[in-house]
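Engineer: Just one file: model04.cif, with mmCIF, C-alpha atoms and all ligand atoms.
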data_my_file
loop_
_atom_site.group_PDB
_atom_site.id
_atom_site.type_symbol
_atom_site.label_atom_id
_atom_site.label_comp_id
_atom_site.auth_asym_id
_atom_site.auth_seq_id
_atom_site.Cartn_x
_atom_site.Cartn_y
_atom_site.Cartn_z
ATOM 1 C CA THR A 1 6.893 39.744 -38.792
ATOM 2 C CA GLY A 2 5.979 42.242 -41.492
ATOM 3 C CA THR A 3 6.975 45.520 -43.081
ATOM 4 C CA LEU A 4 4.505 48.059 -41.645
ATOM 5 C CA MET A 5 7.358 50.038 -40.054
ATOM 6 C CA ALA A 6 10.026 49.467 -42.720
ATOM 7 C CA GLY A 7 12.104 52.613 -43.241
ATOM 8 C CA LYS A 8 10.787 54.233 -40.058
ATOM 9 C CA ARG A 9 12.972 55.224 -37.111
ATOM 10 C CA GLY A 10 11.973 56.260 -33.645
ATOM 11 C CA LEU A 11 12.830 56.750 -30.009
ATOM 12 C CA VAL A 12 11.340 54.696 -27.180
ATOM 13 C CA MET A 13 11.488 56.291 -23.725
ATOM 14 C CA GLY A 14 10.482 54.360 -20.601
ATOM 15 C CA VAL A 15 11.872 50.846 -20.827
ATOM 16 C CA ALA A 16 12.793 49.690 -17.316
ATOM 17 C CA ASN A 17 12.670 45.930 -17.938
ATOM 18 C CA ASP A 18 11.031 43.288 -20.128
ATOM 19 C CA ARG A 19 7.658 43.894 -18.398
ATOM 20 C CA SER A 20 7.595 47.582 -19.410
ATOM 21 C CA ILE A 21 4.803 48.753 -21.717
ATOM 22 C CA ALA A 22 7.491 50.650 -23.677
ATOM 23 C CA TRP A 23 9.255 47.364 -24.364
ATOM 24 C CA ALA A 24 6.042 45.685 -25.549
ATOM 25 C CA ILE A 25 5.539 48.498 -28.064
ATOM 26 C CA ALA A 26 9.209 48.370 -29.113
ATOM 27 C CA ARG A 27 8.950 44.641 -29.828
ATOM 28 C CA ALA A 28 5.818 45.092 -31.941
ATOM 29 C CA VAL A 29 7.481 47.875 -33.948
ATOM 30 C CA ALA A 30 10.747 45.955 -34.413
ATOM 31 C CA ALA A 31 8.803 42.928 -35.667
ATOM 32 C CA GLN A 32 7.451 45.176 -38.442
ATOM 33 C CA GLY A 33 10.878 46.410 -39.511
ATOM 34 C CA GLY A 34 11.084 49.638 -37.497
ATOM 35 C CA GLU A 35 14.471 50.894 -36.305
ATOM 36 C CA LEU A 36 14.648 51.893 -32.651
ATOM 37 C CA ALA A 37 16.632 54.000 -30.220
ATOM 38 C CA PHE A 38 16.087 53.816 -26.457
ATOM 39 C CA THR A 39 16.552 55.949 -23.394
ATOM 40 C CA TYR A 40 16.850 54.747 -19.815
ATOM 41 C CA GLN A 41 16.726 56.587 -16.528
ATOM 42 C CA GLY A 42 19.702 56.067 -14.238
ATOM 43 C CA GLU A 43 22.700 53.747 -14.480
ATOM 44 C CA ALA A 44 20.952 50.850 -12.745
ATOM 45 C CA LEU A 45 18.551 50.502 -15.673
ATOM 46 C CA GLU A 46 21.250 50.673 -18.354
ATOM 47 C CA LYS A 47 22.179 47.039 -17.592
ATOM 48 C CA ARG A 48 18.614 45.995 -18.361
ATOM 49 C CA VAL A 49 17.902 48.183 -21.365
ATOM 50 C CA ARG A 50 21.120 47.567 -23.368
ATOM 51 C CA PRO A 51 20.622 43.797 -23.738
ATOM 52 C CA LEU A 52 16.933 44.253 -24.593
ATOM 53 C CA ALA A 53 17.856 46.802 -27.271
ATOM 54 C CA ALA A 54 20.608 44.513 -28.585
ATOM 55 C CA SER A 55 18.099 41.659 -28.888
ATOM 56 C CA ILE A 56 16.278 43.650 -31.573
ATOM 57 C CA GLY A 57 19.468 44.921 -33.218
ATOM 58 C CA SER A 58 19.669 48.373 -31.596
ATOM 59 C CA ASP A 59 22.818 49.867 -30.117
ATOM 60 C CA LEU A 60 21.467 53.407 -29.804
ATOM 61 C CA VAL A 61 20.818 53.493 -26.063
ATOM 62 C CA MET A 62 21.107 56.767 -24.163
ATOM 63 C CA PRO A 63 20.578 57.971 -20.609
ATOM 64 C CA CYS A 64 17.766 60.492 -20.169
ATOM 65 C CA ASP A 65 16.204 61.889 -17.027
ATOM 66 C CA VAL A 66 13.196 63.935 -18.119
ATOM 67 C CA THR A 67 13.384 66.190 -15.048
ATOM 68 C CA ASP A 68 16.693 67.527 -16.382
ATOM 69 C CA ASP A 69 16.462 69.770 -19.483
ATOM 70 C CA ALA A 70 20.174 69.322 -20.262
ATOM 71 C CA SER A 71 19.710 65.553 -20.273
ATOM 72 C CA VAL A 72 16.736 65.805 -22.666
ATOM 73 C CA GLU A 73 18.676 68.150 -24.956
ATOM 74 C CA ALA A 74 21.690 65.820 -24.997
ATOM 75 C CA THR A 75 19.465 62.881 -25.930
ATOM 76 C CA PHE A 76 17.940 64.615 -28.930
ATOM 77 C CA ALA A 77 21.274 66.095 -30.000
ATOM 78 C CA ALA A 78 22.758 62.578 -30.060
ATOM 79 C CA LEU A 79 19.740 61.281 -31.956
ATOM 80 C CA ALA A 80 19.946 64.098 -34.508
ATOM 81 C CA GLN A 81 23.631 63.407 -35.031
ATOM 82 C CA ARG A 82 23.083 59.698 -35.596
ATOM 83 C CA TRP A 83 19.857 59.743 -37.619
ATOM 84 C CA GLY A 84 19.050 63.330 -38.614
ATOM 85 C CA LYS A 85 15.299 62.687 -38.801
ATOM 86 C CA ILE A 86 12.892 60.442 -36.899
ATOM 87 C CA ASP A 87 9.386 59.147 -37.568
ATOM 88 C CA PHE A 88 7.997 58.373 -34.114
ATOM 89 C CA LEU A 89 8.390 58.751 -30.365
ATOM 90 C CA VAL A 90 7.037 56.584 -27.545
ATOM 91 C CA HIS A 91 6.713 58.276 -24.152
ATOM 92 C CA ALA A 92 5.961 55.610 -21.541
ATOM 93 C CA ILE A 93 7.100 57.526 -18.469
ATOM 94 C CA GLY A 94 5.245 58.269 -15.288
ATOM 95 C CA PHE A 95 6.059 58.807 -11.654
ATOM 96 C CA ALA A 96 4.505 59.910 -8.386
ATOM 97 C CA ASN A 97 5.861 59.538 -4.870
ATOM 98 C CA LYS A 98 4.211 56.355 -3.634
ATOM 99 C CA ASP A 99 3.576 57.854 -0.208
ATOM 100 C CA TYR A 100 0.742 59.726 -1.914
ATOM 101 C CA LEU A 101 -0.613 56.829 -4.011
ATOM 102 C CA ARG A 102 -2.768 55.934 -1.020
ATOM 103 C CA GLY A 103 -4.912 57.828 1.437
ATOM 104 C CA ARG A 104 -6.684 61.036 0.441
ATOM 105 C CA TYR A 105 -5.846 62.956 -2.736
ATOM 106 C CA LEU A 106 -6.645 66.042 -0.730
ATOM 107 C CA ASP A 107 -3.542 65.512 1.374
ATOM 108 C CA THR A 108 -1.073 65.635 -1.543
ATOM 109 C CA PRO A 109 1.655 68.170 -0.715
ATOM 110 C CA ARG A 110 2.904 70.685 -3.303
ATOM 111 C CA ASP A 111 6.254 68.977 -3.942
ATOM 112 C CA ALA A 112 4.637 65.587 -4.676
ATOM 113 C CA PHE A 113 2.014 67.268 -6.870
ATOM 114 C CA LEU A 114 4.614 69.167 -8.900
ATOM 115 C CA GLN A 115 6.874 66.143 -9.261
ATOM 116 C CA ALA A 116 4.024 63.950 -10.551
ATOM 117 C CA MET A 117 2.991 66.684 -12.998
ATOM 118 C CA ASP A 118 6.557 67.292 -14.133
ATOM 119 C CA ILE A 119 7.505 63.674 -14.814
ATOM 120 C CA SER A 120 4.111 62.332 -15.913
ATOM 121 C CA CYS A 121 2.780 65.273 -17.937
ATOM 122 C CA PHE A 122 5.265 68.051 -18.720
ATOM 123 C CA SER A 123 7.915 65.569 -19.857
ATOM 124 C CA PHE A 124 5.686 64.536 -22.779
ATOM 125 C CA VAL A 125 5.462 68.191 -23.808
ATOM 126 C CA SER A 126 9.201 68.774 -23.594
ATOM 127 C CA VAL A 127 10.351 65.580 -25.338
ATOM 128 C CA SER A 128 7.697 66.034 -28.030
ATOM 129 C CA ARG A 129 8.928 69.545 -28.788
ATOM 130 C CA HIS A 130 12.413 68.151 -29.408
ATOM 131 C CA ALA A 131 11.108 65.133 -31.315
ATOM 132 C CA ALA A 132 8.759 67.152 -33.532
ATOM 133 C CA ALA A 133 11.624 69.452 -34.552
ATOM 134 C CA MET A 134 13.344 66.474 -36.185
ATOM 135 C CA MET A 135 10.309 64.558 -37.384
ATOM 136 C CA ASN A 136 9.429 63.601 -40.940
ATOM 137 C CA PRO A 137 5.890 64.365 -42.168
ATOM 138 C CA GLY A 138 3.588 61.510 -41.184
ATOM 139 C CA GLY A 139 5.328 61.340 -37.792
ATOM 140 C CA SER A 140 3.619 60.023 -34.683
ATOM 141 C CA LEU A 141 3.957 60.822 -30.969
ATOM 142 C CA LEU A 142 2.468 58.387 -28.465
ATOM 143 C CA THR A 143 2.043 58.463 -24.691
ATOM 144 C CA LEU A 144 0.463 56.156 -22.108
ATOM 145 C CA THR A 145 -2.369 57.043 -19.781
ATOM 146 C CA TYR A 146 -4.892 55.395 -17.459
ATOM 147 C CA LEU A 147 -8.643 55.565 -16.765
ATOM 148 C CA GLY A 148 -7.845 57.183 -13.404
ATOM 149 C CA ALA A 149 -7.574 60.425 -15.436
ATOM 150 C CA GLU A 150 -11.300 60.293 -16.258
ATOM 151 C CA ARG A 151 -12.772 58.685 -13.176
ATOM 152 C CA VAL A 152 -11.776 58.218 -9.580
ATOM 153 C CA MET A 153 -9.768 55.043 -8.965
ATOM 154 C CA PRO A 154 -8.793 54.116 -5.433
ATOM 155 C CA HIS A 155 -5.214 55.187 -4.581
ATOM 156 C CA TYR A 156 -4.457 56.662 -8.035
ATOM 157 C CA ASN A 157 -4.846 60.158 -6.587
ATOM 158 C CA VAL A 158 -2.271 62.692 -7.824
ATOM 159 C CA MET A 159 -1.383 60.378 -10.709
ATOM 160 C CA GLY A 160 -4.990 60.628 -11.951
ATOM 161 C CA VAL A 161 -4.740 64.400 -11.940
ATOM 162 C CA ALA A 162 -1.394 64.284 -13.790
ATOM 163 C CA LYS A 163 -2.854 61.865 -16.359
ATOM 164 C CA ALA A 164 -5.842 64.175 -16.894
ATOM 165 C CA ALA A 165 -3.377 66.966 -17.693
ATOM 166 C CA LEU A 166 -1.456 64.584 -19.966
ATOM 167 C CA GLU A 167 -4.637 63.724 -21.899
ATOM 168 C CA ALA A 168 -5.455 67.410 -22.317
ATOM 169 C CA SER A 169 -1.868 67.924 -23.537
ATOM 170 C CA VAL A 170 -2.434 65.276 -26.213
ATOM 171 C CA ARG A 171 -5.316 67.338 -27.610
ATOM 172 C CA TYR A 172 -3.441 70.654 -27.565
ATOM 173 C CA MET A 173 -0.295 69.121 -29.021
ATOM 174 C CA ALA A 174 -2.294 67.358 -31.751
ATOM 175 C CA THR A 175 -3.599 70.782 -32.739
ATOM 176 C CA ASP A 176 -0.166 72.440 -32.611
ATOM 177 C CA LEU A 177 1.486 69.726 -34.701
ATOM 178 C CA GLY A 178 -1.272 68.766 -37.130
ATOM 179 C CA VAL A 179 -0.111 71.475 -39.541
ATOM 180 C CA ASP A 180 3.251 69.670 -39.745
ATOM 181 C CA ASP A 181 1.517 66.341 -40.445
ATOM 182 C CA ILE A 182 2.545 65.025 -37.040
ATOM 183 C CA ARG A 183 -0.014 63.090 -34.991
ATOM 184 C CA VAL A 184 -0.294 62.917 -31.196
ATOM 185 C CA ASN A 185 -2.222 60.184 -29.384
ATOM 186 C CA ALA A 186 -2.454 58.315 -26.098
ATOM 187 C CA ILE A 187 -3.218 54.728 -25.222
ATOM 188 C CA SER A 188 -5.231 54.362 -22.032
ATOM 189 C CA ALA A 189 -4.074 50.913 -20.927
ATOM 190 C CA GLY A 190 -5.856 48.660 -18.482
ATOM 191 C CA PRO A 191 -3.908 47.632 -15.376
ATOM 192 C CA ILE A 192 -0.740 45.608 -16.031
ATOM 193 C CA LYS A 193 1.711 44.395 -13.408
ATOM 194 C CA THR A 194 4.822 46.486 -14.124
ATOM 195 C CA LEU A 195 7.454 48.187 -11.975
ATOM 196 C CA ALA A 196 5.518 51.482 -12.004
ATOM 197 C CA ALA A 197 2.267 49.710 -11.066
ATOM 198 C CA SER A 198 3.879 48.160 -7.990
ATOM 199 C CA GLY A 199 3.846 51.625 -6.398
ATOM 200 C CA ILE A 200 0.041 51.763 -6.474
ATOM 201 C CA GLY A 201 -1.768 50.554 -3.341
ATOM 202 C CA ASP A 202 -3.849 47.319 -3.610
ATOM 203 C CA PHE A 203 -2.797 46.761 -7.223
ATOM 204 C CA ARG A 204 -3.705 43.054 -7.081
ATOM 205 C CA TYR A 205 -7.249 43.969 -6.089
ATOM 206 C CA ILE A 206 -7.466 46.376 -9.035
ATOM 207 C CA LEU A 207 -6.276 43.616 -11.405
ATOM 208 C CA ARG A 208 -8.926 41.193 -10.125
ATOM 209 C CA TRP A 209 -11.673 43.808 -10.227
ATOM 210 C CA ASN A 210 -10.898 44.546 -13.886
ATOM 211 C CA GLN A 211 -10.667 40.875 -14.751
ATOM 212 C CA TYR A 212 -14.141 40.132 -13.349
ATOM 213 C CA ASN A 213 -15.878 43.255 -14.612
ATOM 214 C CA ALA A 214 -14.338 44.098 -18.007
ATOM 215 C CA PRO A 215 -16.515 43.078 -20.992
ATOM 216 C CA LEU A 216 -13.804 40.663 -22.161
ATOM 217 C CA ARG A 217 -13.621 39.209 -18.598
ATOM 218 C CA ARG A 218 -9.849 39.334 -18.421
ATOM 219 C CA ASN A 219 -6.972 41.773 -18.082
ATOM 220 C CA VAL A 220 -5.235 43.229 -21.095
ATOM 221 C CA GLY A 221 -1.849 41.734 -22.001
ATOM 222 C CA LEU A 222 1.403 43.558 -22.686
ATOM 223 C CA GLU A 223 1.456 42.228 -26.229
ATOM 224 C CA GLU A 224 -1.988 43.716 -26.872
ATOM 225 C CA VAL A 225 -0.852 47.171 -25.787
ATOM 226 C CA GLY A 226 2.192 46.609 -28.027
ATOM 227 C CA LYS A 227 -0.024 45.898 -31.039
ATOM 228 C CA SER A 228 -2.168 48.972 -30.397
ATOM 229 C CA GLY A 229 1.026 51.011 -30.068
ATOM 230 C CA LEU A 230 2.094 49.723 -33.471
ATOM 231 C CA TYR A 231 -1.203 50.942 -34.921
ATOM 232 C CA PHE A 232 -0.615 54.470 -33.627
ATOM 233 C CA LEU A 233 3.021 54.616 -34.745
ATOM 234 C CA SER A 234 2.340 53.194 -38.189
ATOM 235 C CA ASP A 235 0.492 54.496 -41.210
ATOM 236 C CA LEU A 236 -2.539 52.358 -40.193
ATOM 237 C CA SER A 237 -3.682 55.270 -38.000
ATOM 238 C CA SER A 238 -2.782 58.064 -40.475
ATOM 239 C CA GLY A 239 -6.197 59.697 -39.996
ATOM 240 C CA VAL A 240 -6.140 59.589 -36.189
ATOM 241 C CA THR A 241 -4.844 62.350 -33.901
ATOM 242 C CA GLY A 242 -5.721 63.881 -30.529
ATOM 243 C CA GLU A 243 -7.161 60.528 -29.485
ATOM 244 C CA VAL A 244 -7.155 58.797 -26.100
ATOM 245 C CA HIS A 245 -7.697 55.166 -27.044
ATOM 246 C CA HIS A 246 -8.631 52.590 -24.404
ATOM 247 C CA VAL A 247 -6.831 49.260 -24.572
ATOM 248 C CA ASP A 248 -8.416 47.761 -21.466
ATOM 249 C CA CYS A 249 -10.601 44.816 -22.507
ATOM 250 C CA GLY A 250 -13.486 47.305 -22.581
ATOM 251 C CA TYR A 251 -13.440 48.130 -18.865
ATOM 252 C CA HIS A 252 -13.974 51.865 -19.513
ATOM 253 C CA VAL A 253 -17.567 51.316 -20.737
ATOM 254 C CA VAL A 254 -18.699 49.543 -17.574
ATOM 255 C CA GLY A 255 -21.053 51.427 -15.276
ATOM 256 C CA MET A 256 -21.665 48.843 -12.544
ATOM 257 C CA LYS A 257 -20.178 45.681 -11.138
ATOM 258 C CA ASN A 258 -20.837 42.514 -13.118
ATOM 259 C CA PRO A 259 -23.610 40.789 -11.111
ATOM 260 C CA ASP A 260 -22.047 37.377 -11.843
ATOM 261 C CA ALA A 261 -18.565 38.352 -10.630
ATOM 262 C CA PRO A 262 -17.227 36.367 -7.668
ATOM 263 C CA ASP A 263 -16.484 38.197 -4.435
ATOM 264 C CA ILE A 264 -12.976 39.597 -4.190
HETATM 265 P P1 LIG B 1 7.589 50.867 -16.002
HETATM 266 O O1 LIG B 1 8.016 51.000 -14.578
HETATM 267 O O2 LIG B 1 8.099 49.703 -16.762
HETATM 268 O O3 LIG B 1 7.899 52.196 -16.817
HETATM 269 C C1 LIG B 1 7.907 53.477 -16.226
HETATM 270 C C2 LIG B 1 9.145 54.178 -16.762
HETATM 271 O O4 LIG B 1 9.187 55.548 -16.365
HETATM 272 C C3 LIG B 1 10.442 53.534 -16.274
HETATM 273 O O5 LIG B 1 11.210 53.098 -17.385
HETATM 274 C C4 LIG B 1 11.134 54.662 -15.539
HETATM 275 O O6 LIG B 1 12.542 54.620 -15.661
HETATM 276 C C5 LIG B 1 10.546 55.871 -16.258
HETATM 277 N N1 LIG B 1 10.773 57.121 -15.527
HETATM 278 C C6 LIG B 1 10.303 57.484 -14.299
HETATM 279 N N2 LIG B 1 10.808 58.696 -13.959
HETATM 280 C C7 LIG B 1 11.597 59.101 -14.989
HETATM 281 C C8 LIG B 1 12.412 60.239 -15.229
HETATM 282 N N3 LIG B 1 12.519 61.229 -14.335
HETATM 283 N N4 LIG B 1 13.094 60.327 -16.408
HETATM 284 C C9 LIG B 1 13.017 59.327 -17.327
HETATM 285 N N5 LIG B 1 12.263 58.216 -17.147
HETATM 286 C C10 LIG B 1 11.573 58.100 -15.985
HETATM 287 O O7 LIG B 1 5.978 50.834 -15.944
HETATM 288 P P2 LIG B 1 4.856 50.907 -17.096
HETATM 289 O O8 LIG B 1 3.619 50.438 -16.425
HETATM 290 O O9 LIG B 1 5.335 50.256 -18.327
HETATM 291 O O10 LIG B 1 4.691 52.472 -17.311
HETATM 292 C C11 LIG B 1 4.752 53.106 -18.580
HETATM 293 C C12 LIG B 1 3.625 54.112 -18.718
HETATM 294 O O11 LIG B 1 2.392 53.416 -18.811
HETATM 295 C C13 LIG B 1 3.479 55.088 -17.556
HETATM 296 O O12 LIG B 1 3.147 56.364 -18.049
HETATM 297 C C14 LIG B 1 2.298 54.509 -16.804
HETATM 298 O O13 LIG B 1 1.623 55.481 -16.047
HETATM 299 C C15 LIG B 1 1.456 54.033 -17.958
HETATM 300 N N6 LIG B 1 0.376 53.101 -17.639
HETATM 301 C C16 LIG B 1 0.637 51.975 -16.937
HETATM 302 C C17 LIG B 1 -0.398 51.104 -16.612
HETATM 303 C C18 LIG B 1 -0.145 49.847 -15.811
HETATM 304 O O14 LIG B 1 -1.087 49.298 -15.249
HETATM 305 N N7 LIG B 1 1.061 49.361 -15.740
HETATM 306 C C19 LIG B 1 -1.710 51.377 -17.036
HETATM 307 C C20 LIG B 1 -1.944 52.545 -17.769
HETATM 308 C C21 LIG B 1 -0.894 53.398 -18.048
#
As structure tokens - that is how I would like this structure written.
Structural biologist:
Amino acid sequence: TGTLMAGKRGLVMGVANDRSIAWAIARAVAAQGGELAFTYQGEALEKRVRPLAASIGSDLVMPCDVTDDASVEATFAALAQRWGKIDFLVHAIGFANKDYLRGRYLDTPRDAFLQAMDISCFSFVSVSRHAAAMMNPGGSLLTLTYLGAERVMPHYNVMGVAKAALEASVRYMATDLGVDDIRVNAISAGPIKTLAASGIGDFRYILRWNQYNAPLRRNVGLEEVGKSGLYFLSDLSSGVTGEVHHVDCGYHVVGMKNPDAPDI
């Protein structure tokens, strides 16, 4: 525990359960004295998110479906009423129809393409616009991305294209909001077994491949992504914006298979 986030308040979007990256970041922030609000998508998840929030002393838990503008507006109206201002936002939301997280990218139909773009990219734009309007100077917006935005990963397909758009959004938004002393960054996390990841074909193979070939020879842990999230949300990263920061045990620098890796 510490005081890096003392006096700071923020909203965490994307907790589904205790394996969610959003929850790992929330825990790291709470341990440093930050005050948190949460959103969940759909009633089924409320039962999971409320007790998690309560465990770190938060009772500000709201429904929010990012595909619905009225729902997003209601969330930020409730937040403004309760707190007035905020200091940070975590956007850990992504979705693509899993029927298209396999096979050829080329075969992605328009509706699946637009849905992946809407939920995984545009939602960061829309929630950030609301968040920035109520943000104190020194504020920080953070999203989550994956290496499949930069390079072709098997099965990632339309999600890779949506993440590429998300990463470009980070740069444009950093430029829009820099004049207000608000920073915008992304963490590009290595593969972690979460609910969202279970939709990706052959995910266990991807985990093993990263473990054997990443410079650190292991997969990144949730707590490590949490700590890096804390860096971006805190004053430690006050000079950093528009950045896509890899938290992947170094996998992104690798050009070829590790010759000593076992067969998988
Ligand atoms: P997760 O399943 O725990 O979180 C995904 C969240 O997105 C869920 O809470 C879900 O409710 C939310 N969501 C989906 N559609 C929504 C909608 N319409 N409105 C509101 N919320 C919606 O999985 P996670 O792995 O923690 O995912 C968080 C983020 O991290 C995602 O952007 C994901 O792409 C990214 N990421 C994950 C990995 C990984 O390997 N797990 C790696 C890199 C990046």
Engineer: Just want the residues within 7 Å of ligand LIG 1 (chain B), written as a PDB file with C-alpha atoms, keeping the file's coordinate frame, counting all atoms listed in the file.
Structural biologist:
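Output (result-v9.pdb):
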ATOM      1  CA  MET A  13      11.488  56.291 -23.725  1.00  0.00           C
ATOM      2  CA  GLY A  14      10.482  54.360 -20.601  1.00  0.00           C
ATOM      3  CA  VAL A  15      11.872  50.846 -20.827  1.00  0.00           C
ATOM      4  CA  ALA A  16      12.793  49.690 -17.316  1.00  0.00           C
ATOM      5  CA  ASN A  17      12.670  45.930 -17.938  1.00  0.00           C
ATOM      6  CA  ARG A  19       7.658  43.894 -18.398  1.00  0.00           C
ATOM      7  CA  SER A  20       7.595  47.582 -19.410  1.00  0.00           C
ATOM      8  CA  ILE A  21       4.803  48.753 -21.717  1.00  0.00           C
ATOM      9  CA  ALA A  22       7.491  50.650 -23.677  1.00  0.00           C
ATOM     10  CA  TYR A  40      16.850  54.747 -19.815  1.00  0.00           C
ATOM     11  CA  GLN A  41      16.726  56.587 -16.528  1.00  0.00           C
ATOM     12  CA  CYS A  64      17.766  60.492 -20.169  1.00  0.00           C
ATOM     13  CA  ASP A  65      16.204  61.889 -17.027  1.00  0.00           C
ATOM     14  CA  VAL A  66      13.196  63.935 -18.119  1.00  0.00           C
ATOM     15  CA  THR A  67      13.384  66.190 -15.048  1.00  0.00           C
ATOM     16  CA  ALA A  92       5.961  55.610 -21.541  1.00  0.00           C
ATOM     17  CA  ILE A  93       7.100  57.526 -18.469  1.00  0.00           C
ATOM     18  CA  GLY A  94       5.245  58.269 -15.288  1.00  0.00           C
ATOM     19  CA  PHE A  95       6.059  58.807 -11.654  1.00  0.00           C
ATOM     20  CA  ILE A 119       7.505  63.674 -14.814  1.00  0.00           C
ATOM     21  CA  SER A 120       4.111  62.332 -15.913  1.00  0.00           C
ATOM     22  CA  LEU A 144       0.463  56.156 -22.108  1.00  0.00           C
ATOM     23  CA  THR A 145      -2.369  57.043 -19.781  1.00  0.00           C
ATOM     24  CA  TYR A 146      -4.892  55.395 -17.459  1.00  0.00           C
ATOM     25  CA  SER A 188      -5.231  54.362 -22.032  1.00  0.00           C
ATOM     26  CA  ALA A 189      -4.074  50.913 -20.927  1.00  0.00           C
ATOM     27  CA  GLY A 190      -5.856  48.660 -18.482  1.00  0.00           C
ATOM     28  CA  PRO A 191      -3.908  47.632 -15.376  1.00  0.00           C
ATOM     29  CA  ILE A 192      -0.740  45.608 -16.031  1.00  0.00           C
ATOM     30  CA  LYS A 193       1.711  44.395 -13.408  1.00  0.00           C
ATOM     31  CA  THR A 194       4.822  46.486 -14.124  1.00  0.00           C
ATOM     32  CA  LEU A 195       7.454  48.187 -11.975  1.00  0.00           C
ATOM     33  CA  ALA A 196       5.518  51.482 -12.004  1.00  0.00           C
ATOM     34  CA  ALA A 197       2.267  49.710 -11.066  1.00  0.00           C
TER      35      ALA A 197
END
Engineer: Where does the PyMOL selection byres (((chain A and resi 102) around 10) and not hetatm) land in this file, that is, which residues does it pick, as a short mmCIF file (atom, residue, chain, number, x, y, z; two decimals) with C-alpha atoms, in the coordinates of the input?
Structural biologist:
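Everything below was put into out_12.cif:
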data_model
loop_
_atom_site.label_atom_id
_atom_site.label_comp_id
_atom_site.auth_asym_id
_atom_site.auth_seq_id
_atom_site.Cartn_x
_atom_site.Cartn_y
_atom_site.Cartn_z
CA LYS A 98 4.21 56.36 -3.63
CA ASP A 99 3.58 57.85 -0.21
CA TYR A 100 0.74 59.73 -1.91
CA LEU A 101 -0.61 56.83 -4.01
CA GLY A 103 -4.91 57.83 1.44
CA ARG A 104 -6.68 61.04 0.44
CA TYR A 105 -5.85 62.96 -2.74
CA ASP A 107 -3.54 65.51 1.37
CA THR A 108 -1.07 65.64 -1.54
CA PRO A 154 -8.79 54.12 -5.43
CA HIS A 155 -5.21 55.19 -4.58
CA TYR A 156 -4.46 56.66 -8.04
CA ASN A 157 -4.85 60.16 -6.59
CA VAL A 158 -2.27 62.69 -7.82
CA GLY A 199 3.85 51.62 -6.40
CA ILE A 200 0.04 51.76 -6.47
CA GLY A 201 -1.77 50.55 -3.34
CA ASP A 202 -3.85 47.32 -3.61
#
Engineer: Can you list, as a ChimeraX atom specification, the residues that the PyMOL selection byres (((chain A and resi 55-60) around 12) and not hetatm) selects here?
Structural biologist: /A:9-12,18,23,26-40,46,48-54,61-63,75-76,78-83
Engineer: In Å, rounded to a single decimal, give me how far CA of Val161 in chain A is from CA of Leu106 in chain A.
Structural biologist: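 We find that CA of Leu106 in chain A and CA of Val161 in chain A lie 11.5 Å from each other.
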Engineer: What does the structure give for the distance between CA of Lys257 in chain A and CA of Glu150 in chain A, in Å to one decimal?
Structural biologist: 17.8 Å
Engineer: Kindly resolve the PyMOL selection byres (((chain A and resi 207-215) around 8) and not hetatm) on the present coordinates and return the residues as a PyMOL selection string.
Structural biologist: chain A and resi 190-192+203-206+216-219+248-252+254+257-258+261-262+264
Engineer: For a cut-off of 8 Å around (4.7, 62.0, -31.2), file coordinates, pick out all residues using all atoms listed in the file and list them as a list in words.
Structural biologist: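 These residues have at least one counted atom within 8 Å: Phe88, Leu89, Val90, Ser128, Ala131, Ala132, Gly139, Ser140, Leu141, Leu142, Thr143, Ile182, Arg183, Val184 and Asn185 of chain A.
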Engineer: What lies within 7 Å of Ala162 in chain A using all atoms listed in the file, ignoring chain neighbours under 2 positions off, as a ChimeraX atom specification?
Structural biologist: /A:116-117,120-121,158-160,164-166
Engineer: Rounded to one decimal place, report the CA of His245 in chain A-CA of Gly229 in chain A distance in Å.
Structural biologist: 10.1 Å
Engineer: Restricting the calculation to only C-alpha atoms, which member of A:Val72, A:Ala186, A:Leu4, A:Ala24 is positioned closest to Ser126 in chain A?
Structural biologist: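 Checking each candidate against Ser126 in chain A, we get A:Val72 as the closest.
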Engineer: Which residue, A:Thr175, A:Asn97, A:Thr3, A:Ser71, has the smallest gap to His130 in chain A when you use only C-alpha atoms?
Structural biologist: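 Counting only C-alpha atoms, the residue closest to His130 in chain A is A:Ser71.
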Engineer: Using all atoms listed in the file, find the one residue out of A:Val225, A:Ala96, A:Met5, A:Val240 that sits nearest to Asp181 in chain A.
Structural biologist: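 Distance minimum relative to Asp181 in chain A lands on A:Val240.
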Engineer: Kindly indicate which residue among A:Asn136, A:Thr1, A:Ser228, A:Thr241 lies nearest to Asp176 in chain A, using only C-alpha atoms for the distances.
Structural biologist: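 For Asp176 in chain A, the nearest of the candidates is A:Thr241.
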Engineer: Using only C-alpha atoms, find the one residue out of A:Pro259, A:Gly242, A:Pro109, A:Gly178 that sits nearest to Pro137 in chain A.
Structural biologist: A:Gly178
Engineer: For Glu223 in chain A, which of A:Leu147, A:Val125, A:Lys163, A:Val247 is the closest residue, counting all atoms listed in the file?
Structural biologist: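 Smallest distance to Glu223 in chain A is found for A:Val247.
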Engineer: Generate a file for range 31-42 of chain A, containing C-alpha atoms, as a JSON list (two decimals), in the first residue's frame.
Structural biologist:
[["chain", "number", "residue", "atom", "x", "y", "z"],
["A", 31, "ALA", "CA", -3.87, -0.05, -2.92],
["A", 32, "GLN", "CA", -2.39, 3.41, -3.55],
["A", 33, "GLY", "CA", -5.36, 5.27, -2.08],
["A", 34, "GLY", "CA", -7.36, 5.95, -5.26],
["A", 35, "GLU", "CA", -11.15, 6.14, -5.09],
["A", 36, "LEU", "CA", -13.01, 4.12, -7.70],
["A", 37, "ALA", "CA", -16.33, 3.86, -9.48],
["A", 38, "PHE", "CA", -17.22, 0.92, -11.73],
["A", 39, "THR", "CA", -19.47, 0.11, -14.63],
["A", 40, "TYR", "CA", -20.68, -3.32, -15.67],
["A", 41, "GLN", "CA", -22.41, -4.53, -18.79],
["A", 42, "GLY", "CA", -25.69, -6.37, -18.25]]
